[in-house]
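Pasted below: start_19.cif, mmCIF, C-alpha atoms.
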```
data_start
loop_
_atom_site.group_PDB
_atom_site.id
_atom_site.type_symbol
_atom_site.label_atom_id
_atom_site.label_comp_id
_atom_site.auth_asym_id
_atom_site.auth_seq_id
_atom_site.Cartn_x
_atom_site.Cartn_y
_atom_site.Cartn_z
ATOM 1 C CA MET A 8 72.833 89.798 -20.222
ATOM 2 C CA SER A 9 75.640 89.342 -17.714
ATOM 3 C CA GLU A 10 78.387 86.797 -18.027
ATOM 4 C CA LEU A 11 77.293 85.097 -14.815
ATOM 5 C CA TRP A 12 73.700 84.376 -15.802
ATOM 6 C CA SER A 13 72.250 82.984 -19.010
ATOM 7 C CA SER A 14 69.047 84.396 -20.460
ATOM 8 C CA GLN A 15 67.137 81.352 -19.213
ATOM 9 C CA GLN A 16 68.503 81.867 -15.705
ATOM 10 C CA HIS A 17 67.423 85.524 -15.912
ATOM 11 C CA GLU A 18 63.899 84.360 -16.700
ATOM 12 C CA TRP A 19 63.899 81.895 -13.831
ATOM 13 C CA LEU A 20 65.089 84.491 -11.349
ATOM 14 C CA THR A 21 62.516 86.981 -12.607
ATOM 15 C CA ALA A 22 59.761 84.348 -12.373
ATOM 16 C CA LEU A 23 60.786 83.705 -8.766
ATOM 17 C CA GLY A 24 60.472 87.422 -8.032
ATOM 18 C CA HIS A 25 64.179 88.172 -7.745
ATOM 19 C CA THR A 26 65.670 91.330 -9.151
ATOM 20 C CA LEU A 27 68.943 90.787 -10.933
ATOM 21 C CA TYR A 28 71.418 93.636 -10.584
ATOM 22 C CA VAL A 29 74.437 93.783 -12.849
ATOM 23 C CA GLN A 30 77.380 96.167 -12.785
ATOM 24 C CA GLY A 31 77.700 98.416 -15.785
ATOM 25 C CA THR A 32 75.347 98.356 -18.687
ATOM 26 C CA ALA A 33 73.609 95.145 -19.400
ATOM 27 C CA GLN A 34 71.114 94.036 -21.922
ATOM 28 C CA ALA A 35 67.691 93.078 -20.719
ATOM 29 C CA PRO A 36 67.074 89.328 -20.923
ATOM 30 C CA MET A 37 65.135 88.241 -23.952
ATOM 31 C CA PRO A 38 61.846 86.693 -22.877
ATOM 32 C CA MET A 39 61.164 83.306 -24.335
ATOM 33 C CA PRO A 40 57.889 83.091 -26.235
ATOM 34 C CA MET A 41 55.232 81.244 -24.297
ATOM 35 C CA PRO A 42 53.306 78.624 -26.274
ATOM 36 C CA MET A 43 49.626 79.474 -26.489
ATOM 37 C CA PRO A 44 47.332 76.777 -25.150
ATOM 38 C CA GLU A 45 45.081 75.217 -27.741
ATOM 39 C CA PRO A 46 41.405 75.967 -27.299
ATOM 40 C CA VAL A 47 39.473 73.051 -25.890
ATOM 41 C CA ALA A 48 36.151 72.196 -27.469
ATOM 42 C CA PRO A 49 33.324 72.017 -24.917
ATOM 43 C CA ARG A 50 32.191 68.528 -24.058
ATOM 44 C CA ARG A 51 28.776 67.399 -25.013
ATOM 45 C CA GLN A 52 26.640 65.914 -22.285
ATOM 46 C CA PRO A 53 25.425 62.375 -23.043
ATOM 47 C CA ALA A 54 21.744 62.092 -23.765
ATOM 48 C CA PRO A 55 19.659 60.846 -20.809
ATOM 49 C CA PRO A 56 18.387 57.294 -21.130
ATOM 50 C CA ALA A 57 14.954 56.932 -22.650
ATOM 51 C CA GLN A 58 13.546 55.031 -19.677
ATOM 52 C CA ALA A 59 14.986 54.866 -16.175
ATOM 53 C CA PRO A 60 15.304 51.365 -14.734
ATOM 54 C CA THR A 61 12.462 50.529 -12.377
ATOM 55 C CA ARG A 62 14.404 48.073 -10.246
ATOM 56 C CA ARG A 63 17.261 49.153 -8.005
ATOM 57 C CA ALA A 64 20.286 46.977 -7.604
ATOM 58 C CA SER A 65 20.645 45.777 -4.050
ATOM 59 C CA MET A 66 23.728 46.915 -2.199
ATOM 60 C CA PRO A 67 26.050 44.099 -1.178
ATOM 61 C CA GLU A 68 26.184 43.548 2.538
ATOM 62 C CA PRO A 69 29.402 44.711 4.169
ATOM 63 C CA ALA A 70 31.775 41.998 5.247
ATOM 64 C CA PRO A 71 31.741 41.353 8.995
ATOM 65 C CA ARG A 72 34.597 43.011 10.813
ATOM 66 C CA ARG A 73 37.302 40.774 12.090
ATOM 67 C CA VAL A 74 38.416 41.219 15.653
ATOM 68 C CA ALA A 75 42.167 41.207 16.129
ATOM 69 C CA GLU A 76 43.230 37.989 17.762
ATOM 70 C CA PRO A 77 46.402 37.574 19.768
ATOM 71 C CA ALA A 78 49.287 36.081 17.874
ATOM 72 C CA PRO A 79 49.429 32.302 18.172
ATOM 73 C CA HIS A 80 51.986 31.222 20.711
ATOM 74 C CA ARG A 81 54.912 29.114 19.769
ATOM 75 C CA ALA A 82 55.281 25.531 20.758
ATOM 76 C CA ALA A 83 56.524 25.157 24.301
ATOM 77 C CA SER A 84 60.271 25.210 24.479
ATOM 78 C CA ARG A 85 62.575 24.458 27.336
ATOM 79 C CA LEU A 86 63.931 28.023 27.454
ATOM 80 C CA PRO A 87 61.871 31.062 28.373
ATOM 81 C CA ASP A 88 61.532 33.661 25.638
ATOM 82 C CA LYS A 89 62.931 37.206 25.659
ATOM 83 C CA LEU A 90 59.841 38.568 27.384
ATOM 84 C CA HIS A 91 60.349 36.297 30.386
ATOM 85 C CA PHE A 92 64.027 37.263 30.584
ATOM 86 C CA ALA A 93 62.927 40.912 30.667
ATOM 87 C CA LEU A 94 60.353 40.147 33.370
ATOM 88 C CA ILE A 95 62.994 38.413 35.482
ATOM 89 C CA ARG A 96 65.210 41.502 35.188
ATOM 90 C CA ALA A 97 62.231 43.755 36.029
ATOM 91 C CA SER A 98 61.376 41.689 39.096
ATOM 92 C CA GLY A 99 64.892 42.030 40.453
ATOM 93 C CA CYS A 100 64.965 38.466 41.758
ATOM 94 C CA ASN A 101 67.801 36.012 41.300
ATOM 95 C CA PRO A 102 66.658 33.420 38.738
ATOM 96 C CA ASN A 103 69.005 30.839 40.309
ATOM 97 C CA ALA A 104 67.400 31.118 43.748
ATOM 98 C CA GLU A 105 65.169 28.224 44.866
ATOM 99 C CA GLU A 106 62.076 30.372 45.458
ATOM 100 C CA ALA A 107 62.491 32.163 42.089
ATOM 101 C CA ALA A 108 61.216 29.178 40.111
ATOM 102 C CA ALA A 109 57.964 29.160 42.095
ATOM 103 C CA ILE A 110 57.527 32.931 41.592
ATOM 104 C CA ILE A 111 58.213 32.734 37.861
ATOM 105 C CA ALA A 112 55.793 29.818 37.480
ATOM 106 C CA GLN A 113 52.970 32.040 38.778
ATOM 107 C CA TRP A 114 53.415 34.536 35.930
ATOM 108 C CA PRO A 115 51.068 34.251 32.949
ATOM 109 C CA PRO A 116 52.506 32.769 29.738
ATOM 110 C CA SER A 117 54.138 35.077 27.194
ATOM 111 C CA HIS A 118 51.406 34.784 24.586
ATOM 112 C CA GLU A 119 48.840 35.923 27.143
ATOM 113 C CA LEU A 120 50.948 38.916 28.143
ATOM 114 C CA ARG A 121 51.461 39.901 24.504
ATOM 115 C CA GLY A 122 47.788 39.637 23.610
ATOM 116 C CA ASN A 123 46.042 40.735 26.797
ATOM 117 C CA PRO A 124 46.654 44.241 28.178
ATOM 118 C CA ALA A 125 44.756 43.384 31.369
ATOM 119 C CA ALA A 126 47.223 40.566 32.103
ATOM 120 C CA LYS A 127 50.104 43.016 31.729
ATOM 121 C CA ARG A 128 48.478 45.525 34.065
ATOM 122 C CA ALA A 129 47.869 42.781 36.635
ATOM 123 C CA LEU A 130 51.480 41.576 36.506
ATOM 124 C CA TRP A 131 53.263 44.906 36.993
ATOM 125 C CA PRO A 132 52.197 45.454 40.643
ATOM 126 C CA ARG A 133 53.511 41.973 41.487
ATOM 127 C CA LEU A 134 56.839 42.732 39.806
ATOM 128 C CA ARG A 135 57.136 46.036 41.668
ATOM 129 C CA ALA A 136 56.416 44.259 44.967
ATOM 130 C CA LEU A 137 59.228 41.777 44.207
ATOM 131 C CA ARG A 138 61.663 44.658 43.614
ATOM 132 C CA ARG A 139 60.763 46.191 46.999
ATOM 133 C CA LYS A 140 61.590 43.014 48.902
ATOM 134 C CA PRO A 141 65.184 42.873 50.122
ATOM 135 C CA SER A 142 67.090 40.178 48.256
ATOM 136 C CA PRO A 143 68.871 37.597 50.500
#
```
Taking this structure as input, can you express it in the form of structure tokens?
Amino acid sequence: MSELWSSQQHEWLTALGHTLYVQGTAQAPMPMPMPMPEPVAPRRQPAPPAQAPTRRASMPEPAPRRVAEPAPHRAASRLPDKLHFALIRASGCNPNAEEAAAIIAQWPPSHELRGNPAAKRALWPRLRALRRKPSP
């Protein structure tokens, strides 16, 4: 055994498939005795029932699947939510302009945009058209 490796480390390295080279003469590591597994008695199969039941238990009916519903919208507040601020930025219009309030009022409410992908797809072309218009 070398000074660098203990006998247990020699065994680990050998188990991992590594060859341990040592300078000079070295003793071979002493293998640790492996405990022998205890024999397991075979299991006995339970005896079949004398008479099979004649009536089958009915399977319970599966619960009806629930369709995901859009999240309930919050009570109306005086300030638009973060989604509307993002839409205003995406539209490129000045929110302080007189005509901006009329444009923003035409947009669907936030809860509809969050729960309805078709409403989102319908809104994006309108936002892109607003970005194309030259701002005054």
With a distance cut-off of 10 Å and all atoms listed in the file, select the neighbouring residues of range 100-116 of chain A, excluding the residue or stretch itself and same-chain residues fewer than 2 positions from it, and output the selection as a ChimeraX atom specification. /A:80,87-88,90-92,94-98,118-121,126-127,129-130,133-134,137-138,140-143
Students should find that CA of Leu20 in chain A and CA of Pro46 in chain A are spaced 29.8 Å
Restricting the calculation to all atoms listed in the file: of A:Gly99, A:Ser117, A:Gln30, A:Arg50, which residue gets closest to Arg139 in chain A?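 Ranked by minimum distance to Arg139 in chain A, first place goes to A:Gly99.
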CA of Val47 in chain A to CA of Glu18 in chain A, straight-line distance in Å: 28.4 Å
Among listed residues A:Gln52, A:Ser14, A:Ala136, A:Ala125, nearest Pro38 in chain A (using all atoms listed in the file): A:Ser14
Exercise on range 116-123 of chain A, axis-aligned box with 3 Å per side, report centre and edge lengths in Å to one decimal, as AutoDock Vina command-line options:
```
--center_x 50.1 --center_y 36.8 --center_z 26.7 --size_x 14.1 --size_y 14.0 --size_z 12.1
```
In Å, how far is it from CA of Trp19 in chain A to CA of Pro44 in chain A?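 Rounded to one decimal, the two atoms are 20.7 Å apart.
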